[in-house]
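Here is the file target14.txt (compact mmCIF, C-alpha atoms).
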# COMPACT_ATOMS: atom_id res chain seq x y z
CA MET A 12 -7.06 -143.39 -54.16
CA GLY A 13 -8.33 -145.52 -51.32
CA PHE A 14 -7.43 -147.33 -48.18
CA THR A 15 -5.70 -150.20 -50.02
CA GLU A 16 -2.90 -147.92 -51.18
CA LYS A 17 0.38 -148.67 -49.43
CA ILE A 18 2.65 -145.80 -48.52
CA GLN A 19 6.12 -146.97 -47.55
CA SER A 20 7.55 -143.64 -46.50
CA PRO A 21 5.52 -140.82 -44.98
CA LYS A 22 7.70 -138.40 -46.93
CA ASP A 23 6.33 -139.74 -50.24
CA ILE A 24 3.08 -137.90 -49.67
CA THR A 25 2.37 -134.25 -49.02
CA HIS A 26 3.55 -133.61 -45.51
CA LEU A 27 4.52 -130.91 -43.10
CA GLU A 28 7.63 -131.11 -40.96
CA GLY A 29 8.47 -129.15 -37.87
CA GLU A 30 10.06 -129.10 -34.50
CA ILE A 31 8.59 -127.80 -31.29
CA PRO A 32 11.25 -126.16 -29.13
CA VAL A 33 10.78 -127.43 -25.59
CA ASN A 34 13.52 -126.18 -23.28
CA TYR A 35 13.72 -127.33 -19.70
CA LEU A 36 15.66 -125.75 -16.88
CA TYR A 37 14.93 -126.70 -13.33
CA THR A 38 16.72 -126.56 -10.03
CA VAL A 39 17.65 -129.71 -8.18
CA GLY A 40 15.95 -128.52 -4.98
CA ILE A 41 17.11 -128.10 -1.39
CA ALA A 42 18.04 -131.72 -0.70
CA GLY A 43 19.38 -132.29 -4.21
CA GLU A 44 21.59 -129.22 -3.91
CA ARG A 45 23.37 -130.50 -0.79
CA PHE A 46 23.57 -134.07 -2.13
CA LEU A 47 25.10 -133.07 -5.46
CA ARG A 48 27.46 -130.45 -3.94
CA GLU A 49 28.86 -133.13 -1.63
CA LEU A 50 29.20 -135.52 -4.55
CA LYS A 51 31.02 -132.88 -6.57
CA GLU A 52 33.32 -131.48 -3.89
CA ASN A 53 34.12 -134.56 -1.80
CA ALA A 54 32.96 -137.62 -3.77
CA LYS A 55 30.71 -138.55 -0.87
CA ILE A 56 27.20 -139.89 -1.05
CA LEU A 57 24.73 -138.44 1.42
CA GLY A 58 21.42 -139.87 2.51
CA ILE A 59 18.80 -138.59 4.87
CA ARG A 60 17.18 -140.52 7.69
CA CYS A 61 13.59 -140.20 8.77
CA SER A 62 13.39 -139.62 12.51
CA ARG A 63 9.95 -141.21 12.60
CA CYS A 64 10.04 -144.32 10.38
CA ARG A 65 13.85 -144.71 10.23
CA LEU A 66 13.92 -144.98 6.44
CA VAL A 67 17.19 -143.78 4.92
CA HIS A 68 16.55 -142.08 1.60
CA VAL A 69 19.21 -142.01 -1.10
CA PRO A 70 19.13 -139.69 -2.99
CA PRO A 71 17.92 -137.51 -0.13
CA ARG A 72 14.70 -135.53 -0.16
CA THR A 73 13.14 -133.03 2.23
CA TYR A 74 10.05 -135.06 3.10
CA CYS A 75 9.64 -138.74 3.88
CA GLU A 76 7.51 -140.31 1.19
CA GLN A 77 6.37 -143.01 3.62
CA CYS A 78 5.18 -140.92 6.57
CA PHE A 79 5.41 -137.31 5.28
CA GLU A 80 7.80 -136.35 8.06
CA ARG A 81 10.13 -133.41 7.46
CA LEU A 82 13.63 -134.86 7.02
CA ARG A 83 16.67 -133.32 8.73
CA ASP A 84 19.07 -136.11 9.76
CA TRP A 85 21.74 -136.18 7.08
CA VAL A 86 23.90 -139.29 7.02
CA GLU A 87 27.03 -140.09 5.07
CA LEU A 88 26.95 -143.44 3.32
CA THR A 89 29.68 -145.67 2.05
CA SER A 90 30.10 -145.93 -1.69
CA GLU A 91 29.32 -149.66 -1.50
CA GLY A 92 26.05 -151.44 -1.93
CA ARG A 93 24.34 -154.29 -3.72
CA ILE A 94 22.38 -154.87 -6.88
CA GLU A 95 18.66 -155.05 -6.13
CA THR A 96 17.65 -155.70 -9.72
CA PHE A 97 19.18 -155.12 -13.12
CA THR A 98 18.73 -155.28 -16.87
CA ILE A 99 21.13 -155.58 -19.78
CA CYS A 100 20.38 -153.07 -22.53
CA TYR A 101 21.31 -153.72 -26.14
CA PHE A 102 19.66 -150.52 -27.35
CA SER A 103 20.32 -146.92 -26.39
CA ALA A 104 17.62 -144.57 -25.15
CA ASP A 105 17.00 -143.37 -28.72
CA GLY A 106 16.51 -146.92 -30.01
CA ASN A 107 19.87 -147.46 -31.74
CA ARG A 108 21.78 -150.71 -31.25
CA LEU A 109 24.67 -150.27 -28.82
CA ALA A 110 28.16 -151.45 -29.77
CA GLU A 111 28.55 -152.82 -26.23
CA PRO A 112 25.53 -153.76 -24.13
CA GLU A 113 25.05 -151.66 -21.03
CA ILE A 114 24.00 -152.94 -17.62
CA ILE A 115 21.52 -150.76 -15.74
CA ALA A 116 20.83 -151.68 -12.13
CA ALA A 117 18.91 -150.57 -9.08
CA VAL A 118 21.66 -150.17 -6.49
CA LYS A 119 20.99 -150.07 -2.74
CA LEU A 120 23.86 -148.62 -0.77
CA ASN A 121 24.79 -150.24 2.54
CA GLY A 122 22.83 -148.46 5.24
CA ALA A 123 20.21 -147.11 2.84
CA THR A 124 16.59 -148.22 2.61
CA SER A 125 15.91 -147.03 -0.90
CA ALA A 126 17.62 -147.98 -4.15
CA PHE A 127 18.44 -145.80 -7.13
CA VAL A 128 19.15 -146.58 -10.76
CA HIS A 129 22.70 -146.38 -12.08
CA ARG A 130 25.08 -148.01 -14.56
CA ILE A 131 27.23 -151.05 -13.97
CA ARG A 132 30.52 -151.25 -15.86
CA ASP A 133 33.86 -152.98 -15.59
CA ALA A 134 32.06 -156.27 -14.92
CA ASN A 135 31.83 -159.83 -16.23
CA ASP A 136 28.26 -160.73 -17.15
CA ARG A 137 28.49 -163.83 -14.96
CA ASP A 138 29.20 -161.70 -11.88
CA ILE A 139 26.02 -159.70 -12.29
CA HIS A 140 23.07 -161.04 -10.38
CA ILE A 141 20.66 -159.83 -7.73
CA GLY A 142 22.74 -159.42 -4.60
CA THR A 143 26.10 -158.72 -6.25
CA ASP A 144 28.18 -156.36 -4.09
CA VAL A 145 29.11 -153.22 -6.02
CA GLU A 146 31.10 -150.05 -5.36
CA ALA A 147 30.89 -146.57 -6.83
CA VAL A 148 33.57 -145.30 -9.18
CA PHE A 149 33.67 -141.50 -9.11
CA LYS A 150 34.78 -139.21 -11.86
CA GLU A 151 37.97 -137.23 -11.27
CA LYS A 152 37.36 -134.09 -9.24
CA GLY A 153 37.95 -131.78 -12.20
CA ASP A 154 35.34 -133.66 -14.23
CA ARG A 155 32.64 -133.56 -11.58
CA VAL A 156 29.91 -131.01 -12.27
CA GLY A 157 27.32 -131.65 -9.56
CA SER A 158 25.36 -134.35 -11.33
CA PHE A 159 24.35 -137.85 -10.30
CA LEU A 160 26.67 -138.97 -13.11
CA ASP A 161 29.61 -137.64 -11.10
CA ILE A 162 29.41 -141.25 -9.99
CA ALA A 163 30.74 -142.55 -13.31
CA TYR A 164 29.39 -146.06 -12.69
CA PHE A 165 29.25 -148.89 -10.20
CA ARG A 166 31.38 -151.99 -10.55
CA PRO A 167 31.46 -155.30 -8.71
CA SER A 168 33.34 -154.85 -5.43
CA ARG A 169 36.95 -155.96 -5.16
CA ARG A 170 35.98 -159.23 -3.48
CA VAL A 171 33.65 -160.19 -6.31
CA ARG A 172 36.24 -159.27 -8.91
CA SER A 173 39.05 -161.24 -7.26
CA GLU A 174 36.85 -164.32 -6.90
CA SER A 175 35.92 -164.31 -10.57
CA HIS A 176 39.56 -164.23 -11.72
CA MET D 6 3.45 -109.16 -1.69
CA GLY D 7 -0.03 -108.24 -0.64
CA VAL D 8 -1.34 -106.67 2.50
CA ARG D 9 -1.97 -109.97 4.25
CA ILE D 10 1.04 -111.91 3.01
CA LYS D 11 4.21 -110.27 4.25
CA GLU D 12 6.59 -112.95 3.11
CA PHE D 13 6.34 -115.96 0.84
CA ARG D 14 7.60 -119.23 2.22
CA GLY D 15 10.17 -121.21 0.29
CA THR D 16 13.41 -120.33 -1.39
CA SER D 17 13.38 -117.26 -3.56
CA LEU D 18 15.39 -117.69 -6.74
CA ARG D 19 16.00 -115.54 -9.75
CA GLU D 20 16.83 -116.80 -13.23
CA GLU D 21 20.24 -115.19 -12.76
CA ASP D 22 20.98 -117.48 -9.78
CA ILE D 23 20.43 -120.47 -12.05
CA ARG D 24 22.28 -119.09 -15.06
CA GLN D 25 25.31 -118.17 -12.98
CA GLY D 26 25.42 -121.58 -11.30
CA ARG D 27 24.73 -120.35 -7.77
CA VAL D 28 22.29 -123.25 -7.52
CA LEU D 29 22.59 -126.54 -9.36
CA SER D 30 20.13 -127.13 -12.13
CA VAL D 31 19.24 -129.58 -14.82
CA SER D 32 18.69 -128.38 -18.36
CA TYR D 33 17.73 -130.31 -21.43
CA ARG D 34 15.91 -129.99 -24.68
CA PRO D 35 13.97 -132.99 -25.94
CA LYS D 36 13.71 -133.38 -29.68
CA ALA D 37 10.05 -132.74 -30.35
CA GLN D 38 10.11 -133.27 -34.08
CA TYR D 39 7.02 -134.04 -36.05
CA LEU D 40 6.11 -135.06 -39.56
CA TRP D 41 2.48 -134.70 -40.34
CA SER D 42 0.75 -136.05 -43.42
CA ALA D 43 -1.38 -133.42 -45.09
CA GLY D 44 -4.06 -135.99 -45.93
CA VAL D 45 -6.07 -136.49 -49.12
CA ALA D 46 -7.92 -133.16 -49.23
CA ILE D 47 -5.18 -130.79 -48.05
CA GLY D 48 -2.65 -132.84 -50.02
CA ARG D 49 -4.39 -132.01 -53.31
CA TYR D 50 -5.13 -128.45 -52.17
CA LEU D 51 -1.41 -127.78 -51.65
CA ALA D 52 -0.45 -129.56 -54.89
CA GLU D 53 -2.92 -127.36 -56.79
CA LEU D 54 -1.58 -124.20 -55.15
CA LYS D 55 1.74 -125.15 -56.71
CA ASN D 56 -0.11 -125.25 -60.04
CA GLY D 57 -1.43 -121.78 -59.31
CA ARG D 58 -5.04 -122.61 -58.61
CA ILE D 59 -7.34 -122.90 -55.63
CA VAL D 60 -9.53 -125.99 -55.33
CA GLY D 61 -12.43 -126.79 -53.02
CA ARG D 62 -14.73 -129.73 -52.34
CA GLN D 63 -18.43 -129.54 -53.01
CA CYS D 64 -21.24 -131.32 -51.18
CA ASP D 65 -24.30 -132.30 -53.28
CA LYS D 66 -26.64 -132.36 -50.32
CA CYS D 67 -26.17 -128.79 -49.07
CA GLY D 68 -24.47 -127.45 -52.19
CA ARG D 69 -21.66 -125.89 -50.23
CA THR D 70 -18.07 -125.72 -51.49
CA ALA D 71 -15.44 -125.77 -48.76
CA VAL D 72 -12.01 -124.10 -48.90
CA PRO D 73 -9.65 -125.31 -47.54
CA PRO D 74 -11.11 -128.62 -48.73
CA ARG D 75 -11.88 -131.68 -46.64
CA MET D 76 -13.27 -135.01 -47.82
CA PHE D 77 -16.45 -134.81 -45.75
CA CYS D 78 -19.13 -132.20 -45.24
CA GLU D 79 -19.27 -131.21 -41.60
CA TRP D 80 -22.67 -129.63 -42.15
CA CYS D 81 -24.29 -132.84 -43.48
CA PHE D 82 -22.01 -135.45 -41.82
CA ARG D 83 -21.43 -137.24 -45.11
CA PRO D 84 -18.54 -137.61 -47.57
CA ASN D 85 -18.70 -134.72 -50.03
CA ASP D 86 -18.82 -135.27 -53.76
CA ARG D 87 -16.46 -133.42 -56.08
CA TRP D 88 -13.49 -131.18 -56.60
CA ILE D 89 -14.24 -127.64 -57.79
CA ILE D 90 -11.61 -125.40 -59.33
CA LEU D 91 -12.18 -121.88 -58.03
CA LYS D 92 -11.16 -118.35 -58.86
CA ASP D 93 -8.31 -116.81 -56.92
CA SER D 94 -10.42 -113.91 -55.71
CA GLY D 95 -12.76 -113.49 -52.79
CA MET D 96 -13.81 -111.21 -49.98
CA VAL D 97 -12.58 -110.44 -46.50
CA ASN D 98 -14.66 -112.43 -44.04
CA THR D 99 -12.82 -111.18 -40.98
CA PHE D 100 -9.41 -109.64 -40.34
CA SER D 101 -7.04 -108.25 -37.77
CA VAL D 102 -4.36 -105.54 -37.89
CA SER D 103 -1.34 -106.69 -35.93
CA TYR D 104 1.56 -104.52 -34.86
CA ILE D 105 3.22 -107.55 -33.25
CA ALA D 106 5.02 -110.21 -35.32
CA ALA D 107 4.76 -113.98 -34.78
CA ASP D 108 7.81 -113.88 -32.48
CA ALA D 109 6.13 -111.14 -30.37
CA THR D 110 8.44 -108.34 -31.54
CA ARG D 111 6.95 -104.94 -32.33
CA ILE D 112 6.67 -103.98 -35.98
CA THR D 113 5.84 -100.63 -37.59
CA GLU D 114 4.31 -102.01 -40.80
CA PRO D 115 1.37 -104.05 -39.52
CA LEU D 116 0.53 -107.56 -40.65
CA ILE D 117 -3.10 -107.96 -41.69
CA PRO D 118 -4.14 -111.57 -41.26
CA ALA D 119 -7.59 -112.22 -42.69
CA VAL D 120 -10.02 -115.03 -43.40
CA ILE D 121 -10.70 -114.84 -47.13
CA GLN D 122 -13.91 -116.33 -48.41
CA ILE D 123 -13.04 -117.48 -51.93
CA ASP D 124 -15.63 -116.66 -54.61
CA GLY D 125 -18.01 -119.58 -55.14
CA THR D 126 -17.63 -120.91 -51.60
CA THR D 127 -19.77 -120.52 -48.51
CA GLY D 128 -18.71 -119.89 -44.96
CA ALA D 129 -15.30 -119.38 -43.32
CA GLY D 130 -12.52 -119.48 -45.92
CA MET D 131 -8.74 -119.53 -45.97
CA LEU D 132 -6.58 -117.76 -43.44
CA HIS D 133 -4.08 -115.57 -45.26
CA LEU D 134 -2.51 -112.12 -45.29
CA ILE D 135 -3.67 -108.87 -46.88
CA GLY D 136 -0.94 -106.91 -48.68
CA GLN D 137 -0.62 -103.68 -50.69
CA ALA D 138 -3.38 -102.23 -48.55
CA ASP D 139 -3.90 -99.28 -46.23
CA PRO D 140 -4.65 -100.92 -42.87
CA LYS D 141 -7.20 -98.20 -42.13
CA LYS D 142 -9.16 -99.05 -45.27
CA VAL D 143 -9.43 -102.81 -44.86
CA GLU D 144 -13.04 -103.75 -44.08
CA PHE D 145 -15.37 -106.71 -43.90
CA GLY D 146 -16.68 -107.70 -47.31
CA MET D 147 -13.79 -106.01 -49.12
CA ARG D 148 -12.95 -107.67 -52.46
CA VAL D 149 -9.46 -109.16 -52.70
CA GLN D 150 -7.32 -110.85 -55.32
CA ALA D 151 -4.53 -113.42 -54.77
CA ILE D 152 -0.97 -112.40 -55.59
CA TRP D 153 1.02 -115.53 -56.43
CA LYS D 154 4.68 -116.31 -56.26
CA PRO D 155 6.25 -117.00 -59.66
CA PRO D 156 5.71 -120.70 -60.63
CA GLN D 157 9.35 -121.72 -60.13
CA GLU D 158 9.28 -120.45 -56.51
CA ARG D 159 6.16 -122.35 -55.52
CA THR D 160 6.62 -125.31 -53.18
CA GLY D 161 3.11 -126.64 -52.61
CA SER D 162 2.50 -124.42 -49.60
CA ILE D 163 -0.19 -121.96 -48.60
CA LEU D 164 2.56 -119.34 -48.99
CA ASP D 165 2.62 -120.02 -52.76
CA ILE D 166 0.09 -117.21 -52.56
CA LYS D 167 2.13 -114.26 -51.28
CA TYR D 168 -0.90 -112.36 -50.05
CA PHE D 169 -4.27 -111.03 -51.16
CA LYS D 170 -4.48 -107.45 -52.34
CA PRO D 171 -7.56 -105.21 -52.51
CA ALA D 172 -9.38 -105.64 -55.87
CA GLU D 173 -11.83 -103.56 -57.85
CA ARG D 174 -15.41 -104.33 -57.06
For this file, produce the structure as structure tokens.
Amino acid sequence: MGFTEKIQSPKDITHLEGEIPVNYLYTVGIAGERFLRELKENAKILGIRCSRCRLVHVPPRTYCEQCFERLRDWVELTSEGRIETFTICYFSADGNRLAEPEIIAAVKLNGATSAFVHRIRDANDRDIHIGTDVEAVFKEKGDRVGSFLDIAYFRPSRRVRSESH
Amino acid sequence: MGVRIKEFRGTSLREEDIRQGRVLSVSYRPKAQYLWSAGVAIGRYLAELKNGRIVGRQCDKCGRTAVPPRMFCEWCFRPNDRWIILKDSGMVNTFSVSYIAADATRITEPLIPAVIQIDGTTGAGMLHLIGQADPKKVEFGMRVQAIWKPPQERTGSILDIKYFKPAER
């Protein structure tokens, strides 16, 4: 026995297997609560404006991360924005090859200062570039649970889609 | 609340508020699976337990035999030298009487985990359970004898020894 021995599978040698149960449960917070309730009930996206530095945060938070000001000015945004940056994924989060590649993009809504990460679907690859106008597609009301994924995905806006056909 | 603090700031929440959906929450359970190689020394140790015997590793410099075995002597900082096949008897090095099980439930028949110094070895020993014993009569230095599972039930685990029972001196 020495270091030259090649073991192809770790299960070929004496081993111990186990699983550590790690359960997470956390609240979405004060700003998250209002944001997600509005998304669930009315399919509307809320942001919050900083009265000091004028940044509009989406998703909203209770403090401005730029100037540490307490945030109170809630604003309703449109469900339209643009792609700030994107990537095309051929593998899922657990490393398996996807049947269909998935486009993940940082989307900045019109009127917002910050971008968030979401999915792009219902799109031709050639329409996807930095600056593409996109719009949110919401889940049906009965399917919305108060999650950021109540926005099912973003897709290129109608103008982009009609131009590409 | 103490004398000086009359009220905590923030939002007070109870688990019930979360469970009943009065506030939105995020819940998930990552898969924290592991597979851990037993290594050369513990690998053989477990394989030999399946054969019904306890093995240790001996160091020529200090003369000590270690159980559970490792491939180096942590007293001399050098690789140790040979496998030693040992008896399945020893003495209680230290022990505890526990009326709480591993899942923190209360039990009436106590568990008696003990460090058993196997005969022919020096220092520490193997962590195991004492069985067939009056908890009030277990003491340091008490002689014990391994009680094994039948060969066909052994899996190459430390639990191939069911427990150690008090032995005649």
Kindly provide, as a ChimeraX atom specification, the residues of chain D having any atom no farther than 7 Å from an atom of chain A, counting only C-alpha atoms.
-> /D:28-35,37-43,48
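Computed from the coordinates, the atom CA of A:Glu113 to atom CA of A:Pro70 distance equals 22.4 Å.
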Non-local contacts of D:Gln137 (9 Å; all atoms listed in the file; under 6 positions in same chain excluded) as a VMD selection string = chain D and resid 168 to 171
Quick one: distance from atom CA of A:Arg81 to atom CA of A:Gly122 in Å, one decimal?
-> 19.8 Å
Pick out the residues sitting within 6 Å of stretch 160-163 of chain D, and hand them over as a list in words; count only C-alpha atoms, and ignore anything fewer than 5 positions along from it in its own chain.
-> Leu51, Ala52, Leu54 and Lys55 of chain D
Residue neighbourhood D:Met131, 10 Å, only C-alpha atoms, exclusion window fewer than 3 positions, as JSON, numbers by chain | {"D": [71, 72, 73, 74, 95, 97, 98, 119, 120, 121, 122, 123, 134, 163]}
Those same residues - C-alpha atoms - I'd like them written as a PDB file, keeping the file's coordinate frame.
ATOM      1  CA  ALA D  71     -15.440-125.770 -48.760  1.00  0.00           C
ATOM      2  CA  VAL D  72     -12.010-124.100 -48.900  1.00  0.00           C
ATOM      3  CA  PRO D  73      -9.650-125.310 -47.540  1.00  0.00           C
ATOM      4  CA  PRO D  74     -11.110-128.620 -48.730  1.00  0.00           C
ATOM      5  CA  GLY D  95     -12.760-113.490 -52.790  1.00  0.00           C
ATOM      6  CA  VAL D  97     -12.580-110.440 -46.500  1.00  0.00           C
ATOM      7  CA  ASN D  98     -14.660-112.430 -44.040  1.00  0.00           C
ATOM      8  CA  ALA D 119      -7.590-112.220 -42.690  1.00  0.00           C
ATOM      9  CA  VAL D 120     -10.020-115.030 -43.400  1.00  0.00           C
ATOM     10  CA  ILE D 121     -10.700-114.840 -47.130  1.00  0.00           C
ATOM     11  CA  GLN D 122     -13.910-116.330 -48.410  1.00  0.00           C
ATOM     12  CA  ILE D 123     -13.040-117.480 -51.930  1.00  0.00           C
ATOM     13  CA  LEU D 134      -2.510-112.120 -45.290  1.00  0.00           C
ATOM     14  CA  ILE D 163      -0.190-121.960 -48.600  1.00  0.00           C
TER      15      ILE D 163
END
Give the answer as one residue: which of A:Asn135, A:Cys78, A:Thr73, A:Tyr164 has the shortest atom-to-atom distance to A:Ala116, using only C-alpha atoms?
-> A:Tyr164
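Taking atom CA of A:Phe46 and atom CA of A:Gly58 as the two end points, the separation is 7.7 Å.
Each of A:His68, A:Arg93, A:Arg108, A:Arg155 was compared to A:Ile141 using only C-alpha atoms, and A:Arg93 turns out to be the nearest.
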Find the residues near D:Ile135: any atom within 12 Å, counting only C-alpha atoms, skip ones fewer than 3 places away on the same chain, and give them as an MDAnalysis selection string.
-> chainID D and resid 95:103 115:121 131:132 138:140 142:144 147:152 166:172
My structure is short of atoms at stretch 107-129 of chain D; please model N, CA and C atoms there, returning them as a short mmCIF file (atom, residue, chain, number, x, y, z; two decimals), keeping the file's coordinate frame.
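That gives us out_21.cif:
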data_model
loop_
_atom_site.label_atom_id
_atom_site.label_comp_id
_atom_site.auth_asym_id
_atom_site.auth_seq_id
_atom_site.Cartn_x
_atom_site.Cartn_y
_atom_site.Cartn_z
N ALA D 107 4.99 -112.64 -35.34
CA ALA D 107 4.76 -113.98 -34.78
C ALA D 107 5.69 -114.26 -33.60
N ASP D 108 6.88 -113.65 -33.60
CA ASP D 108 7.81 -113.88 -32.48
C ASP D 108 7.63 -112.82 -31.38
N ALA D 109 6.51 -112.10 -31.41
CA ALA D 109 6.13 -111.14 -30.37
C ALA D 109 6.94 -109.85 -30.38
N THR D 110 7.72 -109.62 -31.45
CA THR D 110 8.44 -108.34 -31.54
C THR D 110 7.52 -107.29 -32.14
N ARG D 111 7.77 -106.02 -31.79
CA ARG D 111 6.95 -104.94 -32.33
C ARG D 111 7.37 -104.61 -33.75
N ILE D 112 6.37 -104.33 -34.60
CA ILE D 112 6.67 -103.98 -35.98
C ILE D 112 5.92 -102.70 -36.33
N THR D 113 6.48 -101.90 -37.24
CA THR D 113 5.84 -100.63 -37.59
C THR D 113 4.86 -100.81 -38.74
N GLU D 114 5.23 -101.71 -39.70
CA GLU D 114 4.31 -102.01 -40.80
C GLU D 114 3.45 -103.18 -40.34
N PRO D 115 2.16 -102.97 -40.10
CA PRO D 115 1.37 -104.05 -39.52
C PRO D 115 1.14 -105.21 -40.47
N LEU D 116 0.99 -106.40 -39.90
CA LEU D 116 0.53 -107.56 -40.65
C LEU D 116 -1.00 -107.53 -40.59
N ILE D 117 -1.63 -107.92 -41.69
CA ILE D 117 -3.10 -107.96 -41.69
C ILE D 117 -3.56 -109.37 -42.01
N PRO D 118 -3.60 -110.25 -41.00
CA PRO D 118 -4.14 -111.57 -41.26
C PRO D 118 -5.65 -111.49 -41.46
N ALA D 119 -6.16 -112.28 -42.40
CA ALA D 119 -7.59 -112.22 -42.69
C ALA D 119 -8.10 -113.60 -43.09
N VAL D 120 -9.37 -113.84 -42.86
CA VAL D 120 -10.02 -115.03 -43.40
C VAL D 120 -10.67 -114.61 -44.70
N ILE D 121 -10.22 -115.22 -45.80
CA ILE D 121 -10.70 -114.84 -47.13
C ILE D 121 -11.70 -115.88 -47.60
N GLN D 122 -12.90 -115.42 -47.85
CA GLN D 122 -13.91 -116.33 -48.41
C GLN D 122 -13.78 -116.29 -49.92
N ILE D 123 -13.31 -117.41 -50.49
CA ILE D 123 -13.04 -117.48 -51.93
C ILE D 123 -14.37 -117.47 -52.69
N ASP D 124 -14.39 -116.75 -53.82
CA ASP D 124 -15.63 -116.66 -54.61
C ASP D 124 -16.13 -118.05 -54.98
N GLY D 125 -17.42 -118.28 -54.81
CA GLY D 125 -18.01 -119.58 -55.14
C GLY D 125 -18.07 -120.51 -53.95
N THR D 126 -17.57 -120.06 -52.79
CA THR D 126 -17.63 -120.91 -51.60
C THR D 126 -18.54 -120.23 -50.55
N THR D 127 -18.89 -121.02 -49.55
CA THR D 127 -19.77 -120.52 -48.51
C THR D 127 -19.12 -120.74 -47.15
N GLY D 128 -19.17 -119.73 -46.34
CA GLY D 128 -18.71 -119.89 -44.96
C GLY D 128 -17.21 -119.88 -44.83
N ALA D 129 -16.72 -119.40 -43.69
CA ALA D 129 -15.30 -119.38 -43.32
C ALA D 129 -14.40 -118.98 -44.49
#
